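Reviewing the structure listed below.
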There are 2 protein chains.
Amino acid sequence: MPAALQLLAPGGIGEIRPGCDLASEILTACAGDGLVPLAGDILIVAQKIVSKAEGRLVALDEVAPSAEAQALARKAGKDPRIVELILRESSAVLRCVPGVIIVRHRHGTVLANAGIDQSNVLHQDGREYALLWPNDPDAAAAGLRQAMQARLGFDLPVIINDSLGRAWRFGTVGAAIGVSGLAALVDMRGEDDRHGRVLVSTEVGQADEIAAAASLLMGQAAEGRPVVFLRGYAGRRNAGSVADLIRPPAKDLFP
Amino acid sequence: MPAALQLLAPGGIGEIRPGCDLASEILTACAGDGLVPLAGDILIVAQKIVSKAEGRLVALDEVAPSAEAQALARKAGKDPRIVELILRESSAVLRCVPGVIIVRHRHGTVLANAGIDQSNVLHQDGREYALLWPNDPDAAAAGLRQAMQARLGFDLPVIINDSLGRAWRFGTVGAAIGVSGLAALVDMRGEDDRHGRVLVSTEVGQADEIAAAASLLMGQAAEGRPVVFLRGYAGRRNAGSVADLIRPPAKDLFP
C-alpha cells in the first residue's frame with residue numbers, strides 16, 4: 001500500500017456572522033456532506049471565517065485616519081481608512097510602495113496590508129467594510145480546538161491559514177497564522193538520514209506546509225470551502241504556536 | 001460528498017544512480033505498491049533523486065576553491081570547496097553570515113547554499129560528495145514528464161520540489177524548483193468572489209502549494225518517499241515554469 005494523505009473539505013458553509021459558533025457551523029457542514037471527523041485529523045480553517053465569527057468586520061466610515069495613515073496612503077495609493085486599520089494592526093512598516101504596504105503584524109507575521117482584505121466581505125446598506133485578522137490568531141485556534149474537543153470528545157489540532165505573499169517569489173501561498181495542538185516548527189536536527197549521516201540543520205515549517213496543502217482545496221475565489229481536514233498525517237502533535245515560526249527581526253537577514 | 005484531494009507516495013524507491021531511468025524507477029515502485037497513476041494526477045518528485053539520476057554528485061577532492069570562495073568560506077565558516085560549488089551554481093550572493101550563504105541560483109530561485117546538500121548522499125571510498133541541483137530544473141521536469149507520457153500514454157504534469165528557507169519565518173517549506181505541464185502561478189485577477197466583488201490582485205503560487213503538500217508526505221529524513229502523486233486536484237494545467245514564480249530583483253522589495 002502506498003503512503004497516503006487525504007484533504008477533505010465539506011461544502012455548505014454559509015456566510016459566517018459575528019458571534020456565530022464556528023465549531024457548530026463546521027460540524028453541521030460536515031454532517032451535511034457525510035464527513036465524519038476522526039481522531040488523528042488536523043483541522044485547517046481559513047482566516048476569513050474565523051475573523052467573521054470574531055466580529056472583525058470594520059465599517060470604513062467609522063475609521064478616522066491619522067496624519068501618519070494619510071501620508072502612507074498617499075505613498076501607497078490606498079484608501080487612508082484602510083491604511084489606518086493596517087497601522088493599528090501592525091508593529092512596524094517594513095516597505096511602502098504604490099499598491100502595497102508590507103508590515104510586521106502585531107503578532108509577528110510579516111505580510112502585505114496586515115492581512116486586511118476587502119474581498120468576500122458583505123457590503124450591507126451601501127457601507128464599505130474591511131475584515132481584520134482575528135485579534136489573536138493563536139488564541140483563536142486554541143479556542144476553536146477547545147470547542148471542537150467539547151463536541152467531538154477527542155483532540156483535533158487546529159491551524160488557521162491565510163494566503164501570504166513572499167519575498168523573492170510571485171504568488172501567494174497558504175501559511176499558518178494561528179496554531180493549536182501541533183508543533184508549528186519541527187526540528188529534525190540530530191535525526192539520522194538514510195545513510196546514517198546526521199542532519200546538521202533541518203527545521204521544517206510543518207504548520208505552513210499543512211496550511212499550503214489546505215489552500216489547494218480551499219481555493220481563492222468563489223469556491224467557498226474555508227474548512228479542510230487533513231487525514232493520515234503522522235507529524236508531530238506536541239504543543240506549538242505560530243510564534244515559533246516567526247523570525248525576530250534580529251535573526252532575519254531580510255528585514 | 002466532501003471535496004477531496006489525495007497525496008499518494010509509493011515506497012521502495014531505492015538509491016538512485018547516475019544515468020538511471022527515473023520514469024522506470026518510479027513506475028516500478030508504483031507497481032510494487034499497487035499505485036496506478038491516473039490521468040489528472042500531478043507527479044511531484046524530490047530534487048535529490050532528480051539530481052542523482054542526472055549525475056550531479058561532485059567529489060569534493062576534485063574541487064579547487066577560488067580566492068573568492070575561500071574568502072566567503074571564512075566569513076560563513078564553511079568548507080571552501082562547498083562554497084566554490086555554491087558560487088558556480090549562483091548568479092549573485094545576497095547574504096553571507098556564519099553558517100549560511102543566501103544566493104540567487106543561476107535559474108533565479110533565492111535560497112540557502114544554492115540548494116547544495118551533503119545529507120542523504122552516499123559517501124563511497126571515504127571520499128566526500130556534495131549533490132547539486134539539477135542543471136536546469138524546469139528542463140528536468142519536462143524531460144521526466146515526457147518519459148512518463150511515453151510509458152503511460154497520458155500527460156502527467158511534473159513538479160520537482162525542494163525544501164527552501166524563507167525570509168521572516170523559521171523552518172523550510174517544500175517549494176517548486178522545476179515545473180512542466182502546469183501553471184506554476186495562477187492569476188485570479190478579475191474572477192468574481194462569492195459576493196460579486198472582483199478580486200483586485202490574487203496571484204496564487206499553485207506549484208509551490210502543491211510542492212509543500214507533497215513535502216508533508218515525503219518527510220525530511222529517513223522516510224525515503226521522494227515521489228508523490230497528487231490526485232483529485234482541478235487546478236490550472238496550462239503550460240508553466242518555475243521562472244513564472246521568480247521575482248526579478250527589480251520587482252523584489254527584499255533583495
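In the C-alpha cells, the first chain shown is A, the next is B, and so on; residue numbers restart at 1 for each chain, and ligands run from 1 in the order shown.
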
Hey, what's within 8 Å of Arg56 of chain B if we count only C-alpha atoms and toss same-chain stuff fewer than 2 positions away? As a list of chain:residue names, please?
-> B:Pro18, B:Ser51, B:Lys52, B:Ala53, B:Glu54, B:Val58, B:Leu131, B:Leu132, B:Trp133, B:Pro134, B:Asn135

Which residues, written as JSON, numbers by chain, have at least one atom at most 8 Å from Ala4 of chain A, with only C-alpha atoms counted and residues fewer than 2 positions away on the same chain left out?
-> {"A": [2, 6, 232], "B": [6, 7, 8, 9, 217]}

Between A:Pro255, A:Ala23, A:Val97, A:Gln70, which is the closest to Glu84 of chain A once you count only C-alpha atoms?
-> A:Gln70

Enumerate as an mmCIF file with N, CA and C atoms, in the first residue's frame the residues belonging to chain A that approach chain B to within 6 Å, with only C-alpha atoms taken into account.
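Just written: out28.cif:
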data_model
loop_
_atom_site.group_PDB
_atom_site.id
_atom_site.type_symbol
_atom_site.label_atom_id
_atom_site.label_comp_id
_atom_site.auth_asym_id
_atom_site.auth_seq_id
_atom_site.Cartn_x
_atom_site.Cartn_y
_atom_site.Cartn_z
ATOM 1 N N MET A 1 0.850 -1.206 0.000
ATOM 2 C CA MET A 1 0.000 0.000 0.000
ATOM 3 C C MET A 1 0.882 1.251 0.000
ATOM 4 N N PRO A 2 0.574 2.224 -0.851
ATOM 5 C CA PRO A 2 1.328 3.484 -0.794
ATOM 6 C C PRO A 2 0.987 4.264 0.473
ATOM 7 N N ALA A 3 1.918 5.075 0.932
ATOM 8 C CA ALA A 3 1.600 6.027 1.993
ATOM 9 C C ALA A 3 0.598 7.032 1.432
ATOM 10 N N ALA A 4 -0.323 7.494 2.259
ATOM 11 C CA ALA A 4 -1.383 8.361 1.735
ATOM 12 C C ALA A 4 -1.802 9.418 2.743
ATOM 13 N N LEU A 5 -2.082 10.574 2.233
ATOM 14 C CA LEU A 5 -2.722 11.652 2.994
ATOM 15 C C LEU A 5 -3.983 12.047 2.251
ATOM 16 N N GLN A 6 -5.000 12.443 3.011
ATOM 17 C CA GLN A 6 -6.206 12.962 2.388
ATOM 18 C C GLN A 6 -6.500 14.358 2.895
ATOM 19 N N LEU A 7 -6.983 15.201 1.984
ATOM 20 C CA LEU A 7 -7.513 16.509 2.358
ATOM 21 C C LEU A 7 -8.995 16.485 2.016
ATOM 22 N N LEU A 8 -9.833 16.824 2.984
ATOM 23 C CA LEU A 8 -11.286 16.722 2.807
ATOM 24 C C LEU A 8 -11.929 18.053 3.185
ATOM 25 N N ALA A 9 -12.818 18.550 2.343
ATOM 26 C CA ALA A 9 -13.459 19.836 2.616
ATOM 27 C C ALA A 9 -14.968 19.698 2.493
ATOM 28 N N PRO A 10 -15.709 19.969 3.567
ATOM 29 C CA PRO A 10 -17.160 19.963 3.445
ATOM 30 C C PRO A 10 -17.633 21.206 2.699
ATOM 31 N N ASP A 33 -22.428 16.732 4.575
ATOM 32 C CA ASP A 33 -21.631 16.170 3.477
ATOM 33 C C ASP A 33 -21.142 14.752 3.797
ATOM 34 N N ASN A 120 -14.662 39.236 -0.639
ATOM 35 C CA ASN A 120 -15.511 38.277 0.069
ATOM 36 C C ASN A 120 -16.090 38.819 1.371
ATOM 37 N N ALA A 167 8.839 37.112 -0.054
ATOM 38 C CA ALA A 167 9.991 37.748 -0.689
ATOM 39 C C ALA A 167 10.424 36.833 -1.825
ATOM 40 N N TRP A 168 10.966 37.397 -2.878
ATOM 41 C CA TRP A 168 11.683 36.673 -3.939
ATOM 42 C C TRP A 168 10.788 35.934 -4.931
ATOM 43 N N ARG A 169 9.558 35.595 -4.530
ATOM 44 C CA ARG A 169 8.717 34.778 -5.403
ATOM 45 C C ARG A 169 7.364 35.440 -5.595
ATOM 46 N N PHE A 170 6.833 35.353 -6.819
ATOM 47 C CA PHE A 170 5.474 35.815 -7.082
ATOM 48 C C PHE A 170 4.469 34.813 -6.523
ATOM 49 N N GLY A 171 3.276 35.294 -6.269
ATOM 50 C CA GLY A 171 2.181 34.405 -5.889
ATOM 51 C C GLY A 171 2.069 34.237 -4.389
ATOM 52 N N THR A 172 0.844 34.191 -3.912
ATOM 53 C CA THR A 172 0.629 33.902 -2.501
ATOM 54 C C THR A 172 0.619 32.385 -2.292
ATOM 55 N N VAL A 173 0.893 31.996 -1.054
ATOM 56 C CA VAL A 173 0.868 30.590 -0.673
ATOM 57 C C VAL A 173 0.206 30.499 0.700
ATOM 58 N N ASP A 193 19.780 10.560 8.652
ATOM 59 C CA ASP A 193 19.220 10.407 7.331
ATOM 60 C C ASP A 193 19.396 8.952 6.901
ATOM 61 N N ARG A 194 19.088 8.641 5.675
ATOM 62 C CA ARG A 194 19.062 7.234 5.242
ATOM 63 C C ARG A 194 20.434 6.582 5.317
ATOM 64 N N HIS A 195 21.490 7.367 5.247
ATOM 65 C CA HIS A 195 22.821 6.786 5.274
ATOM 66 C C HIS A 195 23.535 7.022 6.588
ATOM 67 N N GLU A 203 15.066 22.448 10.104
ATOM 68 C CA GLU A 203 13.842 22.771 10.819
ATOM 69 C C GLU A 203 12.761 22.930 9.764
ATOM 70 N N VAL A 204 11.669 22.218 9.952
ATOM 71 C CA VAL A 204 10.620 22.202 8.940
ATOM 72 C C VAL A 204 9.414 22.996 9.440
ATOM 73 N N GLY A 205 8.904 23.860 8.594
ATOM 74 C CA GLY A 205 7.705 24.638 8.923
ATOM 75 C C GLY A 205 6.456 23.812 8.675
ATOM 76 N N GLU A 209 3.402 24.031 5.826
ATOM 77 C CA GLU A 209 3.177 23.052 4.756
ATOM 78 C C GLU A 209 1.737 22.533 4.780
ATOM 79 N N ALA A 212 -0.524 25.286 3.428
ATOM 80 C CA ALA A 212 -0.437 25.399 1.970
ATOM 81 C C ALA A 212 -1.234 24.284 1.301
ATOM 82 N N ALA A 213 -1.113 23.082 1.843
ATOM 83 C CA ALA A 213 -1.868 21.951 1.290
ATOM 84 C C ALA A 213 -3.367 22.226 1.362
ATOM 85 N N ALA A 221 -11.309 32.003 -4.701
ATOM 86 C CA ALA A 221 -12.358 32.928 -5.118
ATOM 87 C C ALA A 221 -13.741 32.394 -4.741
ATOM 88 N N ALA A 222 -14.488 31.902 -5.676
ATOM 89 C CA ALA A 222 -15.904 31.608 -5.453
ATOM 90 C C ALA A 222 -16.144 30.231 -4.854
ATOM 91 N N LEU A 245 7.222 30.126 14.499
ATOM 92 C CA LEU A 245 7.625 30.290 13.096
ATOM 93 C C LEU A 245 8.194 31.668 12.805
ATOM 94 N N ILE A 246 7.996 32.599 13.727
ATOM 95 C CA ILE A 246 8.327 33.997 13.443
ATOM 96 C C ILE A 246 9.791 34.284 13.758
ATOM 97 N N ARG A 247 10.542 34.689 12.741
ATOM 98 C CA ARG A 247 11.908 35.142 12.981
ATOM 99 C C ARG A 247 11.868 36.515 13.631
ATOM 100 N N ASP A 252 16.598 37.977 11.352
ATOM 101 C CA ASP A 252 16.105 37.985 9.981
ATOM 102 C C ASP A 252 17.109 38.708 9.087
ATOM 103 N N PHE A 254 16.548 39.588 6.098
ATOM 104 C CA PHE A 254 15.844 40.410 5.108
ATOM 105 C C PHE A 254 14.759 41.264 5.768
#

Non-local contacts of Ala67 of chain B (10 Å; only C-alpha atoms; under 5 positions in same chain excluded) as an NGL selection string = :B and (72-73 or 80 or 84)

Which of segment 34-82 of chain A counts as alpha helix (DSSP H) under DSSP, as an MDAnalysis selection string please?
-> chainID A and resid 47:53 67:76 80:82

Could you pull out the strand (DSSP E) residues of segment 102-175 of chain A from DSSP and send them as a list of chain:residue names?
->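 Answer for segment 102-175 of chain A, restricted to strand (DSSP E): A:Ile102, A:Val103, A:Arg104, A:His105, A:Val110, A:Leu111, A:Ala112, A:Tyr129, A:Ala130, A:Leu131, A:Val158, A:Ile159, A:Ile160, A:Asn161, A:Asp162, A:Ser163, A:Leu164, A:Val173, A:Gly174, A:Ala175.
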
Mind dumping the selected residues with C-alpha atoms as an mmCIF file, in the first residue's frame?
data_model
loop_
_atom_site.group_PDB
_atom_site.id
_atom_site.type_symbol
_atom_site.label_atom_id
_atom_site.label_comp_id
_atom_site.auth_asym_id
_atom_site.auth_seq_id
_atom_site.Cartn_x
_atom_site.Cartn_y
_atom_site.Cartn_z
ATOM 1 C CA ILE A 102 4.459 45.352 3.899
ATOM 2 C CA VAL A 103 4.167 45.304 7.672
ATOM 3 C CA ARG A 104 5.005 43.244 10.690
ATOM 4 C CA HIS A 105 1.687 42.276 12.233
ATOM 5 C CA VAL A 110 5.319 39.792 8.052
ATOM 6 C CA LEU A 111 2.726 40.319 5.325
ATOM 7 C CA ALA A 112 1.075 42.756 2.940
ATOM 8 C CA TYR A 129 -16.329 47.135 5.268
ATOM 9 C CA ALA A 130 -12.876 45.703 5.785
ATOM 10 C CA LEU A 131 -12.097 42.450 7.526
ATOM 11 C CA VAL A 158 -6.267 23.423 14.598
ATOM 12 C CA ILE A 159 -4.458 25.610 12.080
ATOM 13 C CA ILE A 160 -5.854 28.951 10.915
ATOM 14 C CA ASN A 161 -4.439 29.790 7.489
ATOM 15 C CA ASP A 162 -4.269 32.710 5.112
ATOM 16 C CA SER A 163 -2.619 33.294 1.736
ATOM 17 C CA LEU A 164 0.596 35.265 2.192
ATOM 18 C CA VAL A 173 0.868 30.590 -0.673
ATOM 19 C CA GLY A 174 -1.249 29.315 2.195
ATOM 20 C CA ALA A 175 0.558 29.781 5.521
#
